[in-house]
Amino acid sequence: MKTHPAIAPESFPEPLRPLAAKVRDGARLDEADAELCFETPHVLHLGRLADAVRRRLHGDVAYYNVNRHINPTNICVYTYNCKFCSFAAMKGEPHAWQMSLEEVWAKAAEQGGNEVTEFHIVGGLHPDLSMAWYEEMLRGLKERFPQAHLKAFTAIEIGWFAKREKISIEETLKRFVAAGLGSLPGGGAEIFHPEVREVICDGKLDADEWLEVHRVAHGLGLKTNCTMLYGHVEKVHHKVDHLMRLRDLQDETGGFNAFIPLAYHPENNYLGLKYHTTGLDDLRHIATARLVLDNVAHVKAYWVMVTPKLAQVALSFGADDLDGTVVEETIYHMAGAETQQALPRRELERVIREAGFTPVERDTLYRPIVRAA
Ligand code: V47
């Protein structure tokens, strides 16, 4: 068991001392500890603890990648079920879109497509597009961009394709892997607890089904990410339950690469909430994730969501990855994000350096990338 000599429990406020001792000793945090993390007013001290763990795992390295997001369609049969989602539209609505295959491939080629190491591809659950269309999309991307890893389809989409084609999750994933799929992003997890799911995304894949898609993916050797959407109607115990369920699956499979806490954005959706999360709340979620998910290697501060400025601070609160260049982001910008659409590689490196960390460009599987000068 690793110890953390930099942590002196007596230097923490009283309620955090037992937690600090556990972190110092490398002991696993339990539900009550996780609750404390979500409730303590001492967020800066929580950050100190998370930073100690983050530095043990990654030293002063902070990762980013050169990626591009592509959303082939926002048409989604769950538009009215997922009340928190500002991205989805029903067929025929003025803001609905559906790209052709040529448009997807052309989008991938825009702005340095040949430099991209990862395409992040997610979309709505389209009522008509067949799985064969998506397989051709992946094959076409692989042909045109052999250097790029295809991180595509949330567990929700995988569940939808399986249901539509009347095949198993395993068969669905195997067909996509044969077409070029490299890994799954972490979206669609939201909050697992049924009390919350009923309110924000009734009828969508439930927790067991979401976890099963990732379990099967891990069994096939695919790495995946995991997320938690916070800052809406959830209570602390729902978030504790969520993190514990992710940690349990990771104990079982080891297949999660990274955890990404996602801050709820309230514009243009049916949930009827008006508040954005605050900076300190975002930092608390990042720190808590780093402390509780002791078996997940990476915690991302997704700059699109928290802004590049707060992402810099998050690197000292447990995060070791800022995500990537992104180029064109839709999901958060339709929900009111005011961040820019893209961060060039040089700017990401500057943001990381000025926060006191060493930038390392990575591929999707966190292998360092060395580029010619
Ligand atoms: O599943 C949707 C969330 C997710 C809103 O795996 C919203 O590397 C806030 O999963 N406010 C998609 N959040 C984004 C996602 C992601 C992002 C970056 C990296 C990775 C990765 C994954 O966005 C959805 C949902 O949880 N979302 N609407 C909203 N109004």
# chains A, B, ... in the order shown; residues from 1 in each chain; ligands from 1

$ closest_atom_pairs --of "chain A" --to "ligand 1" --cutoff "7 Å" --atoms "only C-alpha atoms and all ligand atoms" --output "tab-separated table"
residue	atom	partner	partner_atom_place_in_ligand_line	distance
A:Phe84	CA	ligand 1	30 (N)	5.0
A:Cys85	CA	ligand 1	28 (N)	3.8
A:Ser86	CA	ligand 1	30 (N)	5.3
A:Phe87	CA	ligand 1	28 (N)	6.6
A:Leu184	CA	ligand 1	6 (O)	6.9
A:Pro185	CA	ligand 1	6 (O)	3.3
A:Gly186	CA	ligand 1	6 (O)	3.9
A:Gly187	CA	ligand 1	10 (O)	3.0
A:Gly188	CA	ligand 1	1 (O)	3.6
A:Ala189	CA	ligand 1	26 (O)	6.3
A:Glu190	CA	ligand 1	26 (O)	4.9
A:Asn225	CA	ligand 1	6 (O)	4.8
A:Cys226	CA	ligand 1	6 (O)	6.3
A:Thr227	CA	ligand 1	10 (O)	6.3
A:Met228	CA	ligand 1	26 (O)	6.7
A:Leu229	CA	ligand 1	26 (O)	5.2
A:Ile260	CA	ligand 1	20 (C)	6.6
A:Leu262	CA	ligand 1	13 (N)	5.6
A:Ala263	CA	ligand 1	9 (C)	5.3
A:Tyr264	CA	ligand 1	9 (C)	3.5
A:His265	CA	ligand 1	11 (N)	3.6
A:Pro266	CA	ligand 1	30 (N)	5.5
A:Glu267	CA	ligand 1	30 (N)	6.8
A:Asn269	CA	ligand 1	30 (N)	6.9
A:Tyr302	CA	ligand 1	18 (C)	6.1
A:Asp323	CA	ligand 1	19 (C)	6.7
A:Ile331	CA	ligand 1	2 (C)	6.0
A:Tyr332	CA	ligand 1	29 (C)	6.0
A:Ala335	CA	ligand 1	30 (N)	4.7

$ write_last_selection --atoms "N, CA and C atoms" --output "mmCIF file, in the first residue's frame"
data_model
loop_
_atom_site.group_PDB
_atom_site.id
_atom_site.type_symbol
_atom_site.label_atom_id
_atom_site.label_comp_id
_atom_site.auth_asym_id
_atom_site.auth_seq_id
_atom_site.Cartn_x
_atom_site.Cartn_y
_atom_site.Cartn_z
ATOM 1 N N PHE A 84 -32.924 17.206 -19.640
ATOM 2 C CA PHE A 84 -31.744 18.046 -19.393
ATOM 3 C C PHE A 84 -30.983 18.344 -20.680
ATOM 4 N N CYS A 85 -31.342 17.684 -21.767
ATOM 5 C CA CYS A 85 -30.518 17.738 -22.982
ATOM 6 C C CYS A 85 -30.986 18.859 -23.886
ATOM 7 N N SER A 86 -30.080 19.730 -24.276
ATOM 8 C CA SER A 86 -30.416 20.875 -25.114
ATOM 9 C C SER A 86 -30.025 20.625 -26.562
ATOM 10 N N PHE A 87 -29.437 19.491 -26.805
ATOM 11 C CA PHE A 87 -28.837 19.147 -28.089
ATOM 12 C C PHE A 87 -29.859 18.457 -29.010
ATOM 13 N N LEU A 184 -15.245 3.575 -26.294
ATOM 14 C CA LEU A 184 -16.523 4.273 -26.074
ATOM 15 C C LEU A 184 -16.306 5.496 -25.196
ATOM 16 N N PRO A 185 -16.969 6.603 -25.515
ATOM 17 C CA PRO A 185 -16.950 7.760 -24.605
ATOM 18 C C PRO A 185 -17.834 7.456 -23.394
ATOM 19 N N GLY A 186 -17.823 8.383 -22.436
ATOM 20 C CA GLY A 186 -18.481 8.078 -21.153
ATOM 21 C C GLY A 186 -19.878 8.630 -20.993
ATOM 22 N N GLY A 187 -20.452 9.196 -22.041
ATOM 23 C CA GLY A 187 -21.743 9.884 -21.907
ATOM 24 C C GLY A 187 -22.905 8.953 -21.611
ATOM 25 N N GLY A 188 -23.997 9.585 -21.217
ATOM 26 C CA GLY A 188 -25.237 8.840 -21.015
ATOM 27 C C GLY A 188 -25.416 8.278 -19.619
ATOM 28 N N ALA A 189 -24.396 8.380 -18.778
ATOM 29 C CA ALA A 189 -24.503 7.812 -17.424
ATOM 30 C C ALA A 189 -25.404 8.697 -16.552
ATOM 31 N N GLU A 190 -25.308 9.998 -16.756
ATOM 32 C CA GLU A 190 -26.082 11.010 -15.986
ATOM 33 C C GLU A 190 -25.933 10.718 -14.492
ATOM 34 N N ASN A 225 -14.774 5.423 -21.209
ATOM 35 C CA ASN A 225 -14.761 6.466 -20.174
ATOM 36 C C ASN A 225 -16.061 6.414 -19.390
ATOM 37 N N CYS A 226 -16.098 7.132 -18.290
ATOM 38 C CA CYS A 226 -17.342 7.205 -17.524
ATOM 39 C C CYS A 226 -17.556 8.645 -17.057
ATOM 40 N N THR A 227 -18.819 8.985 -16.834
ATOM 41 C CA THR A 227 -19.175 10.375 -16.502
ATOM 42 C C THR A 227 -20.216 10.403 -15.384
ATOM 43 N N MET A 228 -20.433 11.591 -14.860
ATOM 44 C CA MET A 228 -21.567 11.823 -13.950
ATOM 45 C C MET A 228 -22.045 13.259 -14.206
ATOM 46 N N LEU A 229 -23.322 13.404 -14.458
ATOM 47 C CA LEU A 229 -23.909 14.730 -14.701
ATOM 48 C C LEU A 229 -24.445 15.257 -13.371
ATOM 49 N N ILE A 260 -15.121 11.674 -16.115
ATOM 50 C CA ILE A 260 -15.339 13.092 -16.436
ATOM 51 C C ILE A 260 -16.587 13.569 -15.706
ATOM 52 N N LEU A 262 -19.472 15.989 -15.259
ATOM 53 C CA LEU A 262 -20.078 16.920 -16.223
ATOM 54 C C LEU A 262 -21.038 17.854 -15.495
ATOM 55 N N ALA A 263 -20.776 19.153 -15.573
ATOM 56 C CA ALA A 263 -21.608 20.150 -14.881
ATOM 57 C C ALA A 263 -22.841 20.450 -15.727
ATOM 58 N N TYR A 264 -23.983 20.337 -15.116
ATOM 59 C CA TYR A 264 -25.240 20.612 -15.821
ATOM 60 C C TYR A 264 -25.293 22.065 -16.316
ATOM 61 N N HIS A 265 -25.677 22.230 -17.576
ATOM 62 C CA HIS A 265 -25.881 23.556 -18.177
ATOM 63 C C HIS A 265 -27.378 23.725 -18.449
ATOM 64 N N PRO A 266 -27.987 24.806 -17.955
ATOM 65 C CA PRO A 266 -29.454 24.861 -17.911
ATOM 66 C C PRO A 266 -30.190 25.483 -19.104
ATOM 67 N N GLU A 267 -29.490 26.013 -20.092
ATOM 68 C CA GLU A 267 -30.231 26.728 -21.158
ATOM 69 C C GLU A 267 -30.885 25.765 -22.150
ATOM 70 N N ASN A 269 -33.471 23.743 -22.501
ATOM 71 C CA ASN A 269 -33.988 22.376 -22.339
ATOM 72 C C ASN A 269 -35.249 22.387 -21.483
ATOM 73 N N TYR A 302 -12.913 18.776 -18.201
ATOM 74 C CA TYR A 302 -13.278 19.023 -19.603
ATOM 75 C C TYR A 302 -13.396 20.542 -19.780
ATOM 76 N N ASP A 323 -8.882 17.092 -21.625
ATOM 77 C CA ASP A 323 -9.506 16.739 -22.900
ATOM 78 C C ASP A 323 -8.688 17.420 -24.012
ATOM 79 N N ILE A 331 -22.887 19.980 -27.892
ATOM 80 C CA ILE A 331 -23.774 19.601 -26.784
ATOM 81 C C ILE A 331 -23.816 20.685 -25.712
ATOM 82 N N TYR A 332 -22.641 21.185 -25.313
ATOM 83 C CA TYR A 332 -22.603 22.195 -24.253
ATOM 84 C C TYR A 332 -22.944 23.585 -24.746
ATOM 85 N N ALA A 335 -26.458 24.181 -24.797
ATOM 86 C CA ALA A 335 -26.993 24.261 -23.430
ATOM 87 C C ALA A 335 -26.506 25.501 -22.696
#

$ residues_around --residues "region 243-251 of chain A" --least-positions-apart "6" --cutoff "12 Å" --atoms "only C-alpha atoms" --output "PyMOL selection string"
chain A and resi 28-35+38+186+189-193+207-208+210-219+223-230+236-237+257-261+285-286+288-297

$ select_by_dssp --residues "region 35-137 of chain A" --states "strand (DSSP E)" --output "NGL selection string"
:A and (61-65 or 67-70 or 118-121)

$ select_by_dssp --residues "region 166-199 of chain A" --states "helix (DSSP H, G or I)" --output "compact mmCIF listing (two decimals) with all heavy atoms, in the first residue's frame"
# COMPACT_ATOMS: atom_id res chain seq x y z
N ILE A 169 -25.78 -6.80 -27.26
CA ILE A 169 -24.80 -5.72 -27.07
C ILE A 169 -23.44 -6.19 -27.59
O ILE A 169 -22.73 -5.44 -28.28
CB ILE A 169 -24.69 -5.36 -25.56
CG1 ILE A 169 -26.03 -4.85 -25.01
CG2 ILE A 169 -23.56 -4.39 -25.29
CD1 ILE A 169 -26.50 -3.52 -25.55
N GLU A 170 -23.11 -7.43 -27.29
CA GLU A 170 -21.80 -7.95 -27.72
C GLU A 170 -21.68 -7.93 -29.24
O GLU A 170 -20.68 -7.49 -29.79
CB GLU A 170 -21.59 -9.36 -27.16
CG GLU A 170 -20.23 -9.90 -27.53
CD GLU A 170 -19.90 -11.20 -26.84
OE1 GLU A 170 -20.59 -11.56 -25.86
OE2 GLU A 170 -18.95 -11.85 -27.29
N GLU A 171 -22.73 -8.41 -29.90
CA GLU A 171 -22.71 -8.45 -31.38
C GLU A 171 -22.61 -7.03 -31.94
O GLU A 171 -21.88 -6.77 -32.89
CB GLU A 171 -23.98 -9.16 -31.86
CG GLU A 171 -24.05 -9.42 -33.35
CD GLU A 171 -22.89 -10.27 -33.88
OE1 GLU A 171 -22.26 -11.03 -33.11
OE2 GLU A 171 -22.61 -10.14 -35.07
N THR A 172 -23.35 -6.11 -31.33
CA THR A 172 -23.33 -4.71 -31.78
C THR A 172 -21.91 -4.16 -31.68
O THR A 172 -21.39 -3.56 -32.64
CB THR A 172 -24.28 -3.85 -30.90
OG1 THR A 172 -25.55 -4.47 -30.87
CG2 THR A 172 -24.39 -2.43 -31.41
N LEU A 173 -21.29 -4.37 -30.54
CA LEU A 173 -19.93 -3.84 -30.35
C LEU A 173 -18.95 -4.51 -31.30
O LEU A 173 -18.09 -3.85 -31.88
CB LEU A 173 -19.50 -4.03 -28.89
CG LEU A 173 -20.18 -3.10 -27.88
CD1 LEU A 173 -19.91 -3.55 -26.45
CD2 LEU A 173 -19.71 -1.65 -28.06
N LYS A 174 -19.11 -5.82 -31.48
CA LYS A 174 -18.16 -6.53 -32.37
C LYS A 174 -18.26 -6.01 -33.80
O LYS A 174 -17.26 -5.85 -34.48
CB LYS A 174 -18.45 -8.04 -32.34
CG LYS A 174 -17.87 -8.74 -31.13
CD LYS A 174 -18.15 -10.22 -31.22
CE LYS A 174 -17.39 -10.98 -30.14
NZ LYS A 174 -17.91 -12.35 -30.00
N ARG A 175 -19.50 -5.75 -34.24
CA ARG A 175 -19.67 -5.21 -35.60
C ARG A 175 -19.02 -3.84 -35.73
O ARG A 175 -18.35 -3.53 -36.71
CB ARG A 175 -21.16 -5.14 -35.97
CG ARG A 175 -21.63 -6.45 -36.59
CD ARG A 175 -23.11 -6.46 -36.87
NE ARG A 175 -23.57 -5.39 -37.75
CZ ARG A 175 -24.85 -5.24 -38.12
NH1 ARG A 175 -25.76 -6.10 -37.71
NH2 ARG A 175 -25.21 -4.25 -38.92
N PHE A 176 -19.18 -3.01 -34.70
CA PHE A 176 -18.56 -1.67 -34.77
C PHE A 176 -17.04 -1.77 -34.69
O PHE A 176 -16.33 -1.01 -35.35
CB PHE A 176 -19.11 -0.77 -33.66
CG PHE A 176 -20.45 -0.15 -33.99
CD1 PHE A 176 -21.45 -0.07 -33.03
CD2 PHE A 176 -20.72 0.35 -35.26
CE1 PHE A 176 -22.68 0.51 -33.32
CE2 PHE A 176 -21.96 0.93 -35.57
CZ PHE A 176 -22.93 1.00 -34.60
N VAL A 177 -16.54 -2.68 -33.88
CA VAL A 177 -15.08 -2.84 -33.80
C VAL A 177 -14.54 -3.27 -35.17
O VAL A 177 -13.52 -2.75 -35.64
CB VAL A 177 -14.69 -3.86 -32.69
CG1 VAL A 177 -13.21 -4.24 -32.79
CG2 VAL A 177 -15.00 -3.29 -31.30
N ALA A 178 -15.25 -4.17 -35.82
CA ALA A 178 -14.81 -4.62 -37.16
C ALA A 178 -14.80 -3.44 -38.14
O ALA A 178 -14.01 -3.43 -39.08
CB ALA A 178 -15.73 -5.73 -37.66
N ALA A 179 -15.65 -2.45 -37.89
CA ALA A 179 -15.70 -1.27 -38.78
C ALA A 179 -14.71 -0.19 -38.37
O ALA A 179 -14.59 0.82 -39.06
CB ALA A 179 -17.12 -0.72 -38.79
N PRO A 194 -32.46 5.57 -9.77
CA PRO A 194 -33.76 5.69 -10.45
C PRO A 194 -34.56 6.91 -10.02
O PRO A 194 -35.32 7.46 -10.84
CB PRO A 194 -34.49 4.39 -10.10
CG PRO A 194 -33.70 3.72 -9.02
CD PRO A 194 -32.30 4.27 -9.08
N GLU A 195 -34.40 7.37 -8.77
CA GLU A 195 -35.16 8.56 -8.34
C GLU A 195 -34.80 9.77 -9.20
O GLU A 195 -35.64 10.63 -9.46
CB GLU A 195 -34.81 8.91 -6.89
CG GLU A 195 -35.50 8.04 -5.86
CD GLU A 195 -34.91 8.19 -4.46
OE1 GLU A 195 -34.08 9.09 -4.23
OE2 GLU A 195 -35.27 7.36 -3.60
N VAL A 196 -33.57 9.84 -9.64
CA VAL A 196 -33.14 10.97 -10.47
C VAL A 196 -33.45 10.69 -11.94
O VAL A 196 -33.96 11.56 -12.66
CB VAL A 196 -31.63 11.25 -10.28
CG1 VAL A 196 -31.16 12.36 -11.21
CG2 VAL A 196 -31.33 11.58 -8.84
N ARG A 197 -33.16 9.48 -12.37
CA ARG A 197 -33.41 9.12 -13.78
C ARG A 197 -34.87 9.34 -14.17
O ARG A 197 -35.17 9.80 -15.26
CB ARG A 197 -32.98 7.66 -14.03
CG ARG A 197 -31.58 7.56 -14.62
CD ARG A 197 -31.17 6.17 -14.95
NE ARG A 197 -30.54 6.04 -16.27
CZ ARG A 197 -29.39 6.60 -16.62
NH1 ARG A 197 -28.72 7.35 -15.77
NH2 ARG A 197 -28.89 6.41 -17.84
N GLU A 198 -35.76 9.01 -13.24
CA GLU A 198 -37.19 9.21 -13.52
C GLU A 198 -37.51 10.67 -13.83
O GLU A 198 -38.38 10.96 -14.62
CB GLU A 198 -38.02 8.83 -12.28
CG GLU A 198 -38.57 7.43 -12.33
CD GLU A 198 -39.16 7.01 -10.99
OE1 GLU A 198 -39.70 7.88 -10.28
OE2 GLU A 198 -39.03 5.82 -10.67
N VAL A 199 -36.80 11.57 -13.17
CA VAL A 199 -37.09 13.00 -13.37
C VAL A 199 -36.38 13.54 -14.61
O VAL A 199 -36.98 14.28 -15.41
CB VAL A 199 -36.63 13.82 -12.13
CG1 VAL A 199 -36.88 15.31 -12.34
CG2 VAL A 199 -37.33 13.32 -10.88

$ closest_residue --among "A:Ala50, A:Leu273, A:Ala20, A:Leu101" --to "Gly318 (chain A)" --atoms "only C-alpha atoms"
A:Ala50

$ closest_residue --among "A:Ala62, A:Leu125, A:Ala89, A:Ala319" --to "Gly47 (chain A)" --atoms "only C-alpha atoms"
A:Ala319

$ residues_around --residues "Cys76 (chain A)" --least-positions-apart "4" --cutoff "8 Å" --atoms "only C-alpha atoms" --output "PDB file with N, CA and C atoms, in the first residue's frame"
ATOM      1  N   ALA A  88     -30.685  17.608 -28.425  1.00  0.00           N
ATOM      2  CA  ALA A  88     -31.549  16.741 -29.225  1.00  0.00           C
ATOM      3  C   ALA A  88     -32.707  17.509 -29.856  1.00  0.00           C
ATOM      4  N   ALA A  89     -33.198  16.946 -30.962  1.00  0.00           N
ATOM      5  CA  ALA A  89     -34.372  17.509 -31.628  1.00  0.00           C
ATOM      6  C   ALA A  89     -35.174  16.373 -32.244  1.00  0.00           C
ATOM      7  N   MET A  90     -36.465  16.619 -32.430  1.00  0.00           N
ATOM      8  CA  MET A  90     -37.288  15.646 -33.156  1.00  0.00           C
ATOM      9  C   MET A  90     -37.138  15.927 -34.650  1.00  0.00           C
ATOM     10  N   LYS A  91     -37.279  14.874 -35.428  1.00  0.00           N
ATOM     11  CA  LYS A  91     -37.235  15.012 -36.886  1.00  0.00           C
ATOM     12  C   LYS A  91     -38.208  16.114 -37.315  1.00  0.00           C
ATOM     13  N   GLY A 123     -24.133  11.084 -31.055  1.00  0.00           N
ATOM     14  CA  GLY A 123     -25.288  11.736 -31.654  1.00  0.00           C
ATOM     15  C   GLY A 123     -26.579  11.266 -31.028  1.00  0.00           C
ATOM     16  N   GLY A 124     -27.675  11.744 -31.591  1.00  0.00           N
ATOM     17  CA  GLY A 124     -28.993  11.353 -31.107  1.00  0.00           C
ATOM     18  C   GLY A 124     -29.339   9.943 -31.548  1.00  0.00           C
ATOM     19  N   LEU A 125     -30.416   9.420 -30.969  1.00  0.00           N
ATOM     20  CA  LEU A 125     -30.911   8.091 -31.362  1.00  0.00           C
ATOM     21  C   LEU A 125     -31.871   8.301 -32.526  1.00  0.00           C
ATOM     22  N   HIS A 126     -31.312   8.201 -33.726  1.00  0.00           N
ATOM     23  CA  HIS A 126     -32.080   8.518 -34.927  1.00  0.00           C
ATOM     24  C   HIS A 126     -33.052   7.375 -35.235  1.00  0.00           C
ATOM     25  N   PRO A 127     -34.309   7.715 -35.531  1.00  0.00           N
ATOM     26  CA  PRO A 127     -35.280   6.628 -35.727  1.00  0.00           C
ATOM     27  C   PRO A 127     -35.041   5.811 -37.001  1.00  0.00           C
TER      28      PRO A 127
END

$ closest_residue --among "A:Pro344, A:Pro18, A:Gly279, A:Pro146" --to "Asn67 (chain A)" --atoms "only C-alpha atoms"
A:Pro344

$ residues_around --residues "Asp51 (chain A)" --least-positions-apart "6" --cutoff "8 Å" --atoms "only C-alpha atoms" --output "list in words"
Ala287, Leu315, Ser316, Phe317 and Gly318 of chain A

$ residues_around --residues "Lys166 (chain A)" --least-positions-apart "6" --cutoff "12 Å" --atoms "only C-alpha atoms" --output "list in words"
Ser130, Met131, Ile158, Gly159, Trp160 and Thr172 of chain A

$ write_last_selection --atoms "all heavy atoms" --output "PDB file, in the first residue's frame"
ATOM      1  N   SER A 130     -29.725   3.343 -40.162  1.00  0.00           N
ATOM      2  CA  SER A 130     -29.439   1.943 -39.820  1.00  0.00           C
ATOM      3  C   SER A 130     -28.033   1.822 -39.242  1.00  0.00           C
ATOM      4  O   SER A 130     -27.185   2.704 -39.412  1.00  0.00           O
ATOM      5  CB  SER A 130     -29.539   1.082 -41.071  1.00  0.00           C
ATOM      6  OG  SER A 130     -28.477   1.434 -41.930  1.00  0.00           O
ATOM      7  N   MET A 131     -27.810   0.688 -38.617  1.00  0.00           N
ATOM      8  CA  MET A 131     -26.474   0.430 -38.088  1.00  0.00           C
ATOM      9  C   MET A 131     -25.449   0.364 -39.240  1.00  0.00           C
ATOM     10  O   MET A 131     -24.302   0.769 -39.089  1.00  0.00           O
ATOM     11  CB  MET A 131     -26.500  -0.886 -37.313  1.00  0.00           C
ATOM     12  CG  MET A 131     -25.296  -1.064 -36.459  1.00  0.00           C
ATOM     13  SD  MET A 131     -25.466  -2.500 -35.397  1.00  0.00           S
ATOM     14  CE  MET A 131     -23.731  -2.826 -35.125  1.00  0.00           C
ATOM     15  N   ILE A 158     -25.316   2.563 -28.152  1.00  0.00           N
ATOM     16  CA  ILE A 158     -25.056   1.122 -28.365  1.00  0.00           C
ATOM     17  C   ILE A 158     -26.320   0.324 -28.027  1.00  0.00           C
ATOM     18  O   ILE A 158     -26.732  -0.571 -28.771  1.00  0.00           O
ATOM     19  CB  ILE A 158     -23.856   0.646 -27.497  1.00  0.00           C
ATOM     20  CG1 ILE A 158     -22.558   1.367 -27.916  1.00  0.00           C
ATOM     21  CG2 ILE A 158     -23.698  -0.881 -27.573  1.00  0.00           C
ATOM     22  CD1 ILE A 158     -22.070   1.083 -29.328  1.00  0.00           C
ATOM     23  N   GLY A 159     -26.969   0.683 -26.911  1.00  0.00           N
ATOM     24  CA  GLY A 159     -28.208   0.004 -26.516  1.00  0.00           C
ATOM     25  C   GLY A 159     -29.298   0.176 -27.579  1.00  0.00           C
ATOM     26  O   GLY A 159     -30.043  -0.758 -27.880  1.00  0.00           O
ATOM     27  N   TRP A 160     -29.345   1.369 -28.156  1.00  0.00           N
ATOM     28  CA  TRP A 160     -30.354   1.671 -29.186  1.00  0.00           C
ATOM     29  C   TRP A 160     -30.101   0.848 -30.457  1.00  0.00           C
ATOM     30  O   TRP A 160     -31.011   0.247 -31.020  1.00  0.00           O
ATOM     31  CB  TRP A 160     -30.327   3.172 -29.487  1.00  0.00           C
ATOM     32  CG  TRP A 160     -31.119   3.615 -30.673  1.00  0.00           C
ATOM     33  CD1 TRP A 160     -30.641   4.081 -31.863  1.00  0.00           C
ATOM     34  CD2 TRP A 160     -32.553   3.648 -30.797  1.00  0.00           C
ATOM     35  NE1 TRP A 160     -31.664   4.416 -32.707  1.00  0.00           N
ATOM     36  CE2 TRP A 160     -32.859   4.153 -32.083  1.00  0.00           C
ATOM     37  CE3 TRP A 160     -33.597   3.296 -29.949  1.00  0.00           C
ATOM     38  CZ2 TRP A 160     -34.161   4.321 -32.545  1.00  0.00           C
ATOM     39  CZ3 TRP A 160     -34.905   3.457 -30.407  1.00  0.00           C
ATOM     40  CH2 TRP A 160     -35.169   3.966 -31.689  1.00  0.00           C
ATOM     41  N   THR A 172     -23.349  -6.111 -31.328  1.00  0.00           N
ATOM     42  CA  THR A 172     -23.326  -4.711 -31.779  1.00  0.00           C
ATOM     43  C   THR A 172     -21.910  -4.158 -31.685  1.00  0.00           C
ATOM     44  O   THR A 172     -21.386  -3.563 -32.637  1.00  0.00           O
ATOM     45  CB  THR A 172     -24.276  -3.852 -30.899  1.00  0.00           C
ATOM     46  OG1 THR A 172     -25.554  -4.474 -30.872  1.00  0.00           O
ATOM     47  CG2 THR A 172     -24.389  -2.434 -31.410  1.00  0.00           C
TER      48      THR A 172
END

$ atom_distance --atom1 "CA of Asp320 (chain A)" --atom2 "CA of Arg353 (chain A)"
12.7 Å

$ closest_residue --among "A:Thr117, A:His298, A:His276, A:Thr40" --to "Val370 (chain A)" --atoms "only C-alpha atoms"
A:Thr117
